[in-house]
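> Sending over coords34.pdb (PDB, C-alpha atoms (C1' of nucleotides)).
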```
ATOM      1  CA  MET S   1    -105.217 143.720 123.714
ATOM      2  CA  LYS S   2    -106.541 144.520 127.150
ATOM      3  CA  SER S   3    -106.017 141.968 129.867
ATOM      4  CA  LYS S   4    -108.996 141.226 132.043
ATOM      5  CA  GLY S   5    -107.569 140.769 135.517
ATOM      6  CA  ILE S   6    -109.435 140.081 138.704
ATOM      7  CA  PHE S   7    -109.355 143.761 139.456
ATOM      8  CA  ASP S   8    -111.887 144.376 136.723
ATOM      9  CA  ASP S   9    -114.506 142.454 138.646
ATOM     10  CA  PRO S  10    -116.774 145.055 140.239
ATOM     11  CA  TYR S  11    -117.723 142.511 142.886
ATOM     12  CA  ARG S  12    -114.345 141.655 144.269
ATOM     13  CA  ARG S  13    -115.915 143.530 147.133
ATOM     14  CA  GLY S  14    -119.672 143.777 147.378
ATOM     15  CA  ARG S  15    -121.690 146.871 146.648
ATOM     16  CA  LEU S  16    -124.988 146.406 148.376
ATOM     17  CA  LEU S  17    -126.569 149.480 146.839
ATOM     18  CA  SER S  18    -126.270 147.956 143.376
ATOM     19  CA  ALA S  19    -129.365 146.043 142.402
ATOM     20  CA  ASP S  20    -127.414 143.098 141.056
ATOM     21  CA  CYS S  21    -124.830 142.772 143.794
ATOM     22  CA  PRO S  22    -124.632 139.132 144.943
ATOM     23  CA  SER S  23    -124.287 140.336 148.516
ATOM     24  CA  ARG S  24    -127.966 141.128 148.517
ATOM     25  CA  GLN S  25    -128.935 137.494 148.051
ATOM     26  CA  ILE S  26    -126.669 136.274 150.814
ATOM     27  CA  LEU S  27    -127.886 139.014 153.069
ATOM     28  CA  ARG S  28    -131.466 138.018 152.454
ATOM     29  CA  HIS S  29    -130.714 134.441 153.386
ATOM     30  CA  VAL S  30    -129.084 135.233 156.700
ATOM     31  CA  THR S  31    -131.592 137.951 157.586
ATOM     32  CA  SER S  32    -134.608 135.947 156.529
ATOM     33  CA  ARG S  33    -137.344 135.375 159.041
ATOM     34  CA  TRP S  34    -136.001 131.977 160.103
ATOM     35  CA  GLY S  35    -132.431 132.116 158.813
ATOM     36  CA  LEU S  36    -131.309 134.413 161.568
ATOM     37  CA  LEU S  37    -132.883 132.264 164.266
ATOM     38  CA  VAL S  38    -131.382 129.078 162.829
ATOM     39  CA  LEU S  39    -127.924 130.608 162.931
ATOM     40  CA  ILE S  40    -128.388 131.719 166.506
ATOM     41  CA  VAL S  41    -129.476 128.296 167.681
ATOM     42  CA  LEU S  42    -126.732 126.499 165.765
ATOM     43  CA  ARG S  43    -124.223 128.795 167.416
ATOM     44  CA  THR S  44    -124.822 126.827 170.610
ATOM     45  CA  GLY S  45    -123.718 123.617 168.921
ATOM     46  CA  THR S  46    -124.803 120.841 166.617
ATOM     47  CA  HIS S  47    -128.528 120.208 166.427
ATOM     48  CA  ARG S  48    -130.847 117.756 164.785
ATOM     49  CA  PHE S  49    -133.723 118.820 162.594
ATOM     50  CA  SER S  50    -136.357 118.155 165.231
ATOM     51  CA  ALA S  51    -134.346 119.963 167.879
ATOM     52  CA  LEU S  52    -134.177 123.057 165.717
ATOM     53  CA  ARG S  53    -137.884 122.854 164.989
ATOM     54  CA  ASP S  54    -138.670 122.642 168.691
ATOM     55  CA  GLN S  55    -136.402 125.476 169.772
ATOM     56  CA  ILE S  56    -137.445 127.914 167.085
ATOM     57  CA  GLU S  57    -141.000 128.557 168.099
ATOM     58  CA  GLY S  58    -143.412 128.984 165.234
ATOM     59  CA  VAL S  59    -141.327 127.603 162.400
ATOM     60  CA  SER S  60    -142.906 124.978 160.186
ATOM     61  CA  GLU S  61    -141.002 121.956 158.983
ATOM     62  CA  ARG S  62    -141.309 123.210 155.468
ATOM     63  CA  MET S  63    -139.724 126.573 156.173
ATOM     64  CA  LEU S  64    -137.079 125.078 158.402
ATOM     65  CA  ALA S  65    -135.989 122.667 155.693
ATOM     66  CA  GLN S  66    -136.023 125.431 153.125
ATOM     67  CA  THR S  67    -134.029 127.766 155.353
ATOM     68  CA  LEU S  68    -131.454 125.112 156.156
ATOM     69  CA  GLN S  69    -130.978 124.380 152.474
ATOM     70  CA  ALA S  70    -130.387 128.025 151.690
ATOM     71  CA  LEU S  71    -127.839 128.379 154.475
ATOM     72  CA  GLU S  72    -126.163 125.165 153.415
ATOM     73  CA  SER S  73    -125.918 126.282 149.794
ATOM     74  CA  ASP S  74    -124.281 129.494 150.985
ATOM     75  CA  GLY S  75    -121.731 127.500 152.934
ATOM     76  CA  PHE S  76    -122.855 128.669 156.370
ATOM     77  CA  VAL S  77    -124.336 125.400 157.568
ATOM     78  CA  SER S  78    -122.998 121.877 157.420
ATOM     79  CA  ARG S  79    -125.416 118.972 157.041
ATOM     80  CA  VAL S  80    -124.415 115.478 158.096
ATOM     81  CA  SER S  81    -126.794 112.633 157.403
ATOM     82  CA  LEU S  82    -126.143 109.412 159.291
ATOM     83  CA  PRO S  83    -127.152 106.374 157.250
ATOM     84  CA  VAL S  84    -129.374 104.779 159.868
ATOM     85  CA  VAL S  85    -133.045 104.091 160.235
ATOM     86  CA  PRO S  86    -134.799 106.038 161.414
ATOM     87  CA  PRO S  87    -132.842 108.857 159.733
ATOM     88  CA  HIS S  88    -130.546 110.968 161.837
ATOM     89  CA  VAL S  89    -129.371 114.308 160.447
ATOM     90  CA  GLU S  90    -127.174 116.801 162.203
ATOM     91  CA  TYR S  91    -126.739 120.470 161.411
ATOM     92  CA  SER S  92    -123.909 122.679 162.537
ATOM     93  CA  LEU S  93    -122.198 125.920 161.597
ATOM     94  CA  THR S  94    -119.243 125.932 159.264
ATOM     95  CA  PRO S  95    -116.335 128.239 160.125
ATOM     96  CA  LEU S  96    -117.859 130.730 157.713
ATOM     97  CA  GLY S  97    -121.189 130.331 159.469
ATOM     98  CA  GLU S  98    -119.613 131.082 162.825
ATOM     99  CA  GLU S  99    -118.073 134.238 161.480
ATOM    100  CA  ILE S 100    -121.278 135.645 160.123
ATOM    101  CA  CYS S 101    -123.149 134.513 163.173
ATOM    102  CA  ASP S 102    -120.999 136.837 165.241
ATOM    103  CA  ARG S 103    -122.497 139.756 163.346
ATOM    104  CA  VAL S 104    -125.994 138.377 163.278
ATOM    105  CA  GLU S 105    -125.980 137.700 166.963
ATOM    106  CA  GLY S 106    -124.595 141.146 167.648
ATOM    107  CA  LEU S 107    -127.709 142.571 166.076
ATOM    108  CA  ALA S 108    -130.094 140.155 167.745
ATOM    109  CA  ASP S 109    -128.541 140.591 171.157
ATOM    110  CA  TRP S 110    -128.690 144.335 170.918
ATOM    111  CA  ILE S 111    -132.399 144.227 170.182
ATOM    112  CA  GLU S 112    -133.125 141.749 172.949
ATOM    113  CA  THR S 113    -131.101 143.684 175.468
ATOM    114  CA  ASN S 114    -132.571 147.030 174.529
ATOM    115  CA  LEU S 115    -136.124 145.843 174.092
ATOM    116  CA  PRO S 116    -137.469 148.047 176.900
ATOM    117  CA  ARG S 117    -135.972 151.153 175.287
ATOM    118  CA  LEU S 118    -137.243 150.042 171.899
ATOM    119  CA  LEU S 119    -140.795 149.517 173.085
ATOM    120  CA  GLN S 120    -140.770 152.916 174.697
ATOM    121  CA  ALA S 121    -139.424 154.498 171.534
ATOM    122  CA  GLN S 122    -142.252 152.881 169.598
ATOM    123  CA  ARG S 123    -144.839 154.352 171.943
ATOM    124  CA  GLN S 124    -143.207 157.744 171.683
ATOM    125  CA  ALA S 125    -143.049 157.586 167.895
ATOM    126  CA  ALA S 126    -146.738 156.725 167.818
ATOM    127  CA  GLU S 127    -147.717 160.061 169.356
TER
ATOM    128  CA  MET I   1    -153.081 141.031 196.774
ATOM    129  CA  LYS I   2    -150.192 140.396 194.439
ATOM    130  CA  SER I   3    -148.326 143.377 193.114
ATOM    131  CA  LYS I   4    -147.513 143.267 189.439
ATOM    132  CA  GLY I   5    -144.080 144.849 189.181
ATOM    133  CA  ILE I   6    -142.045 145.358 186.054
ATOM    134  CA  PHE I   7    -140.086 142.253 186.889
ATOM    135  CA  ASP I   8    -143.079 140.128 186.042
ATOM    136  CA  ASP I   9    -142.825 141.164 182.416
ATOM    137  CA  PRO I  10    -141.205 138.308 180.539
ATOM    138  CA  TYR I  11    -140.071 140.790 177.904
ATOM    139  CA  ARG I  12    -138.065 143.158 180.017
ATOM    140  CA  ARG I  13    -135.402 141.519 177.908
ATOM    141  CA  GLY I  14    -136.325 139.954 174.607
ATOM    142  CA  ARG I  15    -136.480 136.256 173.902
ATOM    143  CA  LEU I  16    -136.243 135.868 170.179
ATOM    144  CA  LEU I  17    -136.968 132.163 170.203
ATOM    145  CA  SER I  18    -140.442 132.808 171.599
ATOM    146  CA  ALA I  19    -143.023 133.153 168.869
ATOM    147  CA  ASP I  20    -144.634 136.218 170.447
ATOM    148  CA  CYS I  21    -141.506 138.099 171.419
ATOM    149  CA  PRO I  22    -141.792 141.713 170.234
ATOM    150  CA  SER I  23    -138.129 141.613 169.263
ATOM    151  CA  ARG I  24    -139.063 139.545 166.257
ATOM    152  CA  GLN I  25    -141.129 142.332 164.744
ATOM    153  CA  ILE I  26    -138.419 144.931 165.221
ATOM    154  CA  LEU I  27    -135.867 142.545 163.816
ATOM    155  CA  ARG I  28    -137.970 141.980 160.738
ATOM    156  CA  HIS I  29    -138.229 145.713 160.141
ATOM    157  CA  VAL I  30    -134.498 146.365 160.301
ATOM    158  CA  THR I  31    -133.577 143.223 158.390
ATOM    159  CA  SER I  32    -136.233 143.655 155.745
ATOM    160  CA  ARG I  33    -135.138 143.779 152.143
ATOM    161  CA  TRP I  34    -135.061 147.577 152.064
ATOM    162  CA  GLY I  35    -134.935 148.468 155.750
ATOM    163  CA  LEU I  36    -131.326 147.461 156.071
ATOM    164  CA  LEU I  37    -130.309 149.462 153.016
ATOM    165  CA  VAL I  38    -132.208 152.523 154.188
ATOM    166  CA  LEU I  39    -130.405 152.451 157.519
ATOM    167  CA  ILE I  40    -127.049 152.124 155.807
ATOM    168  CA  VAL I  41    -127.642 155.089 153.537
ATOM    169  CA  LEU I  42    -129.040 157.257 156.319
ATOM    170  CA  ARG I  43    -125.922 156.490 158.328
ATOM    171  CA  THR I  44    -124.076 158.804 155.933
ATOM    172  CA  GLY I  45    -126.327 161.708 156.838
ATOM    173  CA  THR I  46    -129.720 163.267 156.279
ATOM    174  CA  HIS I  47    -131.363 162.444 152.979
ATOM    175  CA  ARG I  48    -134.473 163.410 151.094
ATOM    176  CA  PHE I  49    -136.957 160.863 149.817
ATOM    177  CA  SER I  50    -135.792 161.112 146.222
ATOM    178  CA  ALA I  51    -132.164 160.855 147.251
ATOM    179  CA  LEU I  52    -132.855 157.611 149.074
ATOM    180  CA  ARG I  53    -134.793 156.271 146.125
ATOM    181  CA  ASP I  54    -131.927 157.061 143.775
ATOM    182  CA  GLN I  55    -129.197 155.613 145.950
ATOM    183  CA  ILE I  56    -130.974 152.383 146.778
ATOM    184  CA  GLU I  57    -131.055 150.745 143.395
ATOM    185  CA  GLY I  58    -134.186 148.802 142.661
ATOM    186  CA  VAL I  59    -136.460 150.129 145.366
ATOM    187  CA  SER I  60    -139.886 151.363 144.340
ATOM    188  CA  GLU I  61    -141.393 154.509 145.800
ATOM    189  CA  ARG I  62    -144.091 152.436 147.358
ATOM    190  CA  MET I  63    -141.710 150.165 149.235
ATOM    191  CA  LEU I  64    -139.431 153.014 150.211
ATOM    192  CA  ALA I  65    -142.313 154.931 151.758
ATOM    193  CA  GLN I  66    -143.530 151.833 153.542
ATOM    194  CA  THR I  67    -140.069 150.970 154.832
ATOM    195  CA  LEU I  68    -139.473 154.483 156.074
ATOM    196  CA  GLN I  69    -142.788 154.454 157.926
ATOM    197  CA  ALA I  70    -141.926 151.200 159.660
ATOM    198  CA  LEU I  71    -138.521 152.467 160.724
ATOM    199  CA  GLU I  72    -140.055 155.721 161.878
ATOM    200  CA  SER I  73    -142.705 153.961 163.936
ATOM    201  CA  ASP I  74    -139.956 151.949 165.604
ATOM    202  CA  GLY I  75    -138.131 155.144 166.504
ATOM    203  CA  PHE I  76    -135.098 154.492 164.300
ATOM    204  CA  VAL I  77    -135.752 157.174 161.717
ATOM    205  CA  SER I  78    -136.722 160.804 162.102
ATOM    206  CA  ARG I  79    -138.930 162.427 159.482
ATOM    207  CA  VAL I  80    -138.956 166.215 159.058
ATOM    208  CA  SER I  81    -141.399 167.733 156.624
ATOM    209  CA  LEU I  82    -140.753 171.326 155.597
ATOM    210  CA  PRO I  83    -143.993 173.203 154.897
ATOM    211  CA  VAL I  84    -143.058 174.437 151.453
ATOM    212  CA  VAL I  85    -144.212 173.768 147.935
ATOM    213  CA  PRO I  86    -143.040 171.660 146.370
ATOM    214  CA  PRO I  87    -142.787 169.425 149.443
ATOM    215  CA  HIS I  88    -139.421 168.911 151.035
ATOM    216  CA  VAL I  89    -138.992 166.006 153.463
ATOM    217  CA  GLU I  90    -135.827 165.005 155.197
ATOM    218  CA  TYR I  91    -135.027 161.673 156.781
ATOM    219  CA  SER I  92    -132.284 160.967 159.268
ATOM    220  CA  LEU I  93    -131.346 158.452 161.928
ATOM    221  CA  THR I  94    -132.379 158.965 165.516
ATOM    222  CA  PRO I  95    -129.815 158.157 168.220
ATOM    223  CA  LEU I  96    -131.505 154.777 168.543
ATOM    224  CA  GLY I  97    -131.240 154.336 164.794
ATOM    225  CA  GLU I  98    -127.530 155.023 164.878
ATOM    226  CA  GLU I  99    -127.013 152.435 167.558
ATOM    227  CA  ILE I 100    -128.772 149.671 165.715
ATOM    228  CA  CYS I 101    -127.168 150.724 162.466
ATOM    229  CA  ASP I 102    -123.791 149.930 163.985
ATOM    230  CA  ARG I 103    -124.864 146.310 164.208
ATOM    231  CA  VAL I 104    -126.607 146.238 160.862
ATOM    232  CA  GLU I 105    -123.636 147.735 159.126
ATOM    233  CA  GLY I 106    -121.315 145.317 160.841
ATOM    234  CA  LEU I 107    -123.195 142.509 159.190
ATOM    235  CA  ALA I 108    -123.453 144.191 155.807
ATOM    236  CA  ASP I 109    -119.808 145.201 155.773
ATOM    237  CA  TRP I 110    -118.689 141.710 156.633
ATOM    238  CA  ILE I 111    -120.608 140.284 153.709
ATOM    239  CA  GLU I 112    -119.363 142.917 151.283
ATOM    240  CA  THR I 113    -115.786 142.510 152.399
ATOM    241  CA  ASN I 114    -115.861 138.741 152.335
ATOM    242  CA  LEU I 115    -117.867 138.403 149.155
ATOM    243  CA  PRO I 116    -115.079 136.608 147.286
ATOM    244  CA  ARG I 117    -114.841 133.991 150.024
ATOM    245  CA  LEU I 118    -118.602 133.706 150.136
ATOM    246  CA  LEU I 119    -118.959 133.160 146.415
ATOM    247  CA  GLN I 120    -116.303 130.501 146.542
ATOM    248  CA  ALA I 121    -118.027 128.802 149.470
ATOM    249  CA  GLN I 122    -121.246 128.771 147.464
ATOM    250  CA  ARG I 123    -119.536 127.054 144.558
ATOM    251  CA  GLN I 124    -117.974 124.542 146.874
ATOM    252  CA  ALA I 125    -121.268 123.811 148.638
ATOM    253  CA  ALA I 126    -122.899 123.253 145.259
ATOM    254  CA  GLU I 127    -120.674 120.278 144.514
TER
ATOM    255  C1'  DC T   1    -137.066 110.978 161.676
ATOM    256  C1'  DG T   2    -136.367 114.009 158.177
ATOM    257  C1'  DG T   3    -137.883 115.440 154.750
ATOM    258  C1'  DA T   4    -140.505 116.143 149.699
ATOM    259  C1'  DA T   5    -144.917 117.255 147.285
ATOM    260  C1'  DT T   6    -149.021 119.556 146.980
ATOM    261  C1'  DC T   7    -152.374 122.972 147.710
ATOM    262  C1'  DC T   8    -153.885 127.169 149.485
ATOM    263  C1'  DA T   9    -153.703 131.616 152.360
ATOM    264  C1'  DA T  10    -151.239 135.605 153.438
ATOM    265  C1'  DG T  11    -147.927 138.964 152.717
ATOM    266  C1'  DA T  12    -144.417 141.433 150.004
ATOM    267  C1'  DT T  13    -143.427 143.799 145.868
ATOM    268  C1'  DG T  14    -143.996 146.390 141.624
ATOM    269  C1'  DA T  15    -146.191 149.304 137.785
ATOM    270  C1'  DT T  16    -149.103 152.730 136.991
ATOM    271  C1'  DA T  17    -151.920 156.525 137.749
ATOM    272  C1'  DC T  18    -153.190 160.149 140.607
ATOM    273  C1'  DT T  19    -152.873 164.209 144.193
ATOM    274  C1'  DG T  20    -151.646 168.136 147.575
TER
ATOM    275  C1'  DC J   1    -141.502 166.527 145.411
ATOM    276  C1'  DA J   2    -143.304 163.204 148.123
ATOM    277  C1'  DG J   3    -146.102 160.573 148.527
ATOM    278  C1'  DT J   4    -151.119 157.589 148.145
ATOM    279  C1'  DA J   5    -154.449 154.333 145.758
ATOM    280  C1'  DT J   6    -155.281 150.590 143.069
ATOM    281  C1'  DC J   7    -154.516 146.478 140.906
ATOM    282  C1'  DA J   8    -151.682 142.578 139.390
ATOM    283  C1'  DT J   9    -147.958 139.534 140.503
ATOM    284  C1'  DC J  10    -144.605 137.083 142.838
ATOM    285  C1'  DT J  11    -142.932 135.218 147.090
ATOM    286  C1'  DT J  12    -143.448 133.463 151.636
ATOM    287  C1'  DG J  13    -145.557 130.678 154.840
ATOM    288  C1'  DG J  14    -148.509 126.976 156.702
ATOM    289  C1'  DA J  15    -151.263 122.591 156.801
ATOM    290  C1'  DT J  16    -151.559 118.310 155.138
ATOM    291  C1'  DT J  17    -150.156 114.151 153.131
ATOM    292  C1'  DC J  18    -146.899 110.800 151.766
ATOM    293  C1'  DC J  19    -142.358 108.361 151.602
ATOM    294  C1'  DG J  20    -137.602 106.032 152.437
TER
END
```
Please lay out the structure from this file as structure tokens.

Amino acid sequence: MKSKGIFDDPYRRGRLLSADCPSRQILRHVTSRWGLLVLIVLRTGTHRFSALRDQIEGVSERMLAQTLQALESDGFVSRVSLPVVPPHVEYSLTPLGEEICDRVEGLADWIETNLPRLLQAQRQAAE
Amino acid sequence: MKSKGIFDDPYRRGRLLSADCPSRQILRHVTSRWGLLVLIVLRTGTHRFSALRDQIEGVSERMLAQTLQALESDGFVSRVSLPVVPPHVEYSLTPLGEEICDRVEGLADWIETNLPRLLQAQRQAAE
DNA sequence: CGGAATCCAAGATGATACTG
DNA sequence: CAGTATCATCTTGGATTCCG
């Protein structure tokens, strides 16, 4: 009888090129249109819902709520609801969220810093 | 008469939190569902269209072509079409593409490596 | 204040068929 | 082989309204 140890699990480490790799879902959450921006803002500390909405220009309340839920369900964001009226809810990064935010911010910072080069490359590629 | 120097351009460096920052578009291209995977595969060397399609499980030819065009127009991917029949087209990373791929792969690798932790965090967050 | 619910517009994606 | 064209579908996103 063959034993089925943990080493038989093909996803002990992710394989992004496989269609059914769970990494793809997580990746889509953190690289989603608003997910990445939420992480970046939360990296600067705890924020309330309205503060996030105001800092992330262009996000709707609907998408912000949806994005926060996805990040929370992945364990990247912690949600603390204070039982007061009017409601007061605070969002912050979990330790896991801080770790992934390092990588996310590395990407975002590189683009922001190199934007002049990037815009020039776009013009050149358009020729 | 006021001179309009390059320092007047608010986007000499990007500001991702601004709705109209060009960085957002570039970011969406490289973090798109297939864009990220294309970059990762091209990091291993030059590939033909069909090779990319085969390696990136689940991508359709339509989306692959569209993704490659976006990355090419941003200056991340170089497209070389050999004038033979049947057609032979080779894709590779530009120097700019390699630079950004460092960051993209950093993120992807972290997720793949930490997938076990991530899946456990998901279960815990679901409680 | 922080959402949830609903409806609708816009965009992303896919299957298929077709072409140089 | 490497796409493009077309159509159908699914997802994303936004505006509005309502609620505890």
> Quote the C-alpha RMSD, in Å to one decimal, that results from superposing chain S on chain I by least squares across all C-alpha atoms in order.
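So the superposition leaves a C-alpha RMSD of 0.2 Å.
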> Using all atoms listed in the file, collect all residues at a distance of at most 12 Å from (-138.0, 126.1, 168.0) as written in the file, then present them as number ranges by chain.
S: 34, 37-38, 40-42, 47-61, 63-64; I: 15-19
> So how many Å separate CA of Ile100 (chain I) and CA of Asp109 (chain S), to one decimal?
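CA of Ile100 (chain I) sits 10.6 Å away from CA of Asp109 (chain S).
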> So the first atom is CA of Leu68 (chain S) and the second is C1' of DG3 (chain T); what is the distance between them in Å, to one decimal place?
11.7 Å
> Quick check: residues of chain S within 7 Å of chain T, only C-alpha atoms (C1' of nucleotides), returned as a list in words.
Pro86, Pro87 and His88 of chain S
> Please, could you write that set of residues out with C-alpha atoms as a PDB file, in the coordinates of the input?

```
ATOM      1  CA  PRO S  86    -134.799 106.038 161.414  1.00  0.00           C
ATOM      2  CA  PRO S  87    -132.842 108.857 159.733  1.00  0.00           C
ATOM      3  CA  HIS S  88    -130.546 110.968 161.837  1.00  0.00           C
TER       4      HIS S  88
END
```
> May I ask for the distance between CA of Asp102 (chain S) and CA of Ser78 (chain S), given in Å to one decimal place?
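Atom-to-atom, CA of Asp102 (chain S) to CA of Ser78 (chain S), that is 17.0 Å.
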> Might you spell out which residues the PyMOL selection byres ((chain S) within 6 of (chain I)) would select in the displayed file, as a PyMOL selection string?
chain S and resi 12-14+17-19+31+56-58+73-75+103+107+112-113+115-116+121-122+125
> Using all atoms listed in the file, find which residues of chain J lie within 10 Å of chain S and jot them down as a short mmCIF file (atom, residue, chain, number, x, y, z; two decimals) with C-alpha atoms (C1' of nucleotides), in the frame of the given file.

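Contents of iface-v3.cif, freshly written:
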```
data_model
loop_
_atom_site.label_atom_id
_atom_site.label_comp_id
_atom_site.auth_asym_id
_atom_site.auth_seq_id
_atom_site.Cartn_x
_atom_site.Cartn_y
_atom_site.Cartn_z
"C1'" DT J 12 -143.45 133.46 151.64
"C1'" DG J 13 -145.56 130.68 154.84
"C1'" DG J 14 -148.51 126.98 156.70
"C1'" DA J 15 -151.26 122.59 156.80
"C1'" DG J 20 -137.60 106.03 152.44
#
```
> Given the choices I:Gly35, I:Thr44, I:Val84, I:Tyr91, which gets closest to Gln66 (chain I) if the distance is worked out from all atoms listed in the file?
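Comparing I:Gly35, I:Thr44, I:Val84, I:Tyr91 against Gln66 (chain I), the winner is I:Gly35.
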> Is it possible to get the axis-aligned box enclosing region 79-94 of chain I (all listed atoms, 3 Å extra per side) as lines of an AutoDock Vina configuration file, with centre and edge lengths in Å rounded to one decimal?

```
center_x = -137.8
center_y = 166.4
center_z = 155.9
size_x = 18.9
size_y = 22.0
size_z = 25.1
```
> Using the partial input, fill out region 103-115 of chain I with N, CA, C and O atoms; write the result as a short mmCIF file (atom, residue, chain, number, x, y, z; two decimals), in the frame of the given file.

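Wrote it out as part33.cif, contents follow:
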```cif
data_model
loop_
_atom_site.label_atom_id
_atom_site.label_comp_id
_atom_site.auth_asym_id
_atom_site.auth_seq_id
_atom_site.Cartn_x
_atom_site.Cartn_y
_atom_site.Cartn_z
N ARG I 103 -124.79 147.77 164.32
CA ARG I 103 -124.86 146.31 164.21
C ARG I 103 -125.22 145.89 162.79
O ARG I 103 -124.68 144.93 162.26
N VAL I 104 -126.17 146.57 162.21
CA VAL I 104 -126.61 146.24 160.86
C VAL I 104 -125.46 146.40 159.88
O VAL I 104 -125.23 145.55 159.02
N GLU I 105 -124.73 147.49 160.04
CA GLU I 105 -123.64 147.74 159.13
C GLU I 105 -122.50 146.76 159.35
O GLU I 105 -121.80 146.39 158.40
N GLY I 106 -122.34 146.32 160.57
CA GLY I 106 -121.32 145.32 160.84
C GLY I 106 -121.57 144.06 160.02
O GLY I 106 -120.66 143.49 159.42
N LEU I 107 -122.82 143.68 159.97
CA LEU I 107 -123.20 142.51 159.19
C LEU I 107 -123.02 142.75 157.70
O LEU I 107 -122.41 141.95 156.98
N ALA I 108 -123.53 143.87 157.23
CA ALA I 108 -123.45 144.19 155.81
C ALA I 108 -122.00 144.33 155.35
O ALA I 108 -121.62 143.81 154.30
N ASP I 109 -121.21 145.01 156.14
CA ASP I 109 -119.81 145.20 155.77
C ASP I 109 -119.07 143.88 155.70
O ASP I 109 -118.25 143.67 154.80
N TRP I 110 -119.38 143.00 156.64
CA TRP I 110 -118.69 141.71 156.63
C TRP I 110 -118.98 140.96 155.34
O TRP I 110 -118.09 140.40 154.72
N ILE I 111 -120.25 140.98 154.94
CA ILE I 111 -120.61 140.28 153.71
C ILE I 111 -119.93 140.93 152.51
O ILE I 111 -119.35 140.24 151.66
N GLU I 112 -119.98 142.24 152.42
CA GLU I 112 -119.36 142.92 151.28
C GLU I 112 -117.87 142.64 151.22
O GLU I 112 -117.31 142.35 150.16
N THR I 113 -117.23 142.71 152.37
CA THR I 113 -115.79 142.51 152.40
C THR I 113 -115.39 141.08 152.06
O THR I 113 -114.39 140.83 151.38
N ASN I 114 -116.21 140.15 152.53
CA ASN I 114 -115.86 138.74 152.34
C ASN I 114 -116.56 138.10 151.15
O ASN I 114 -116.58 136.88 151.02
N LEU I 115 -117.12 138.93 150.29
CA LEU I 115 -117.87 138.40 149.16
C LEU I 115 -117.08 137.38 148.34
O LEU I 115 -117.64 136.33 147.98
#
```
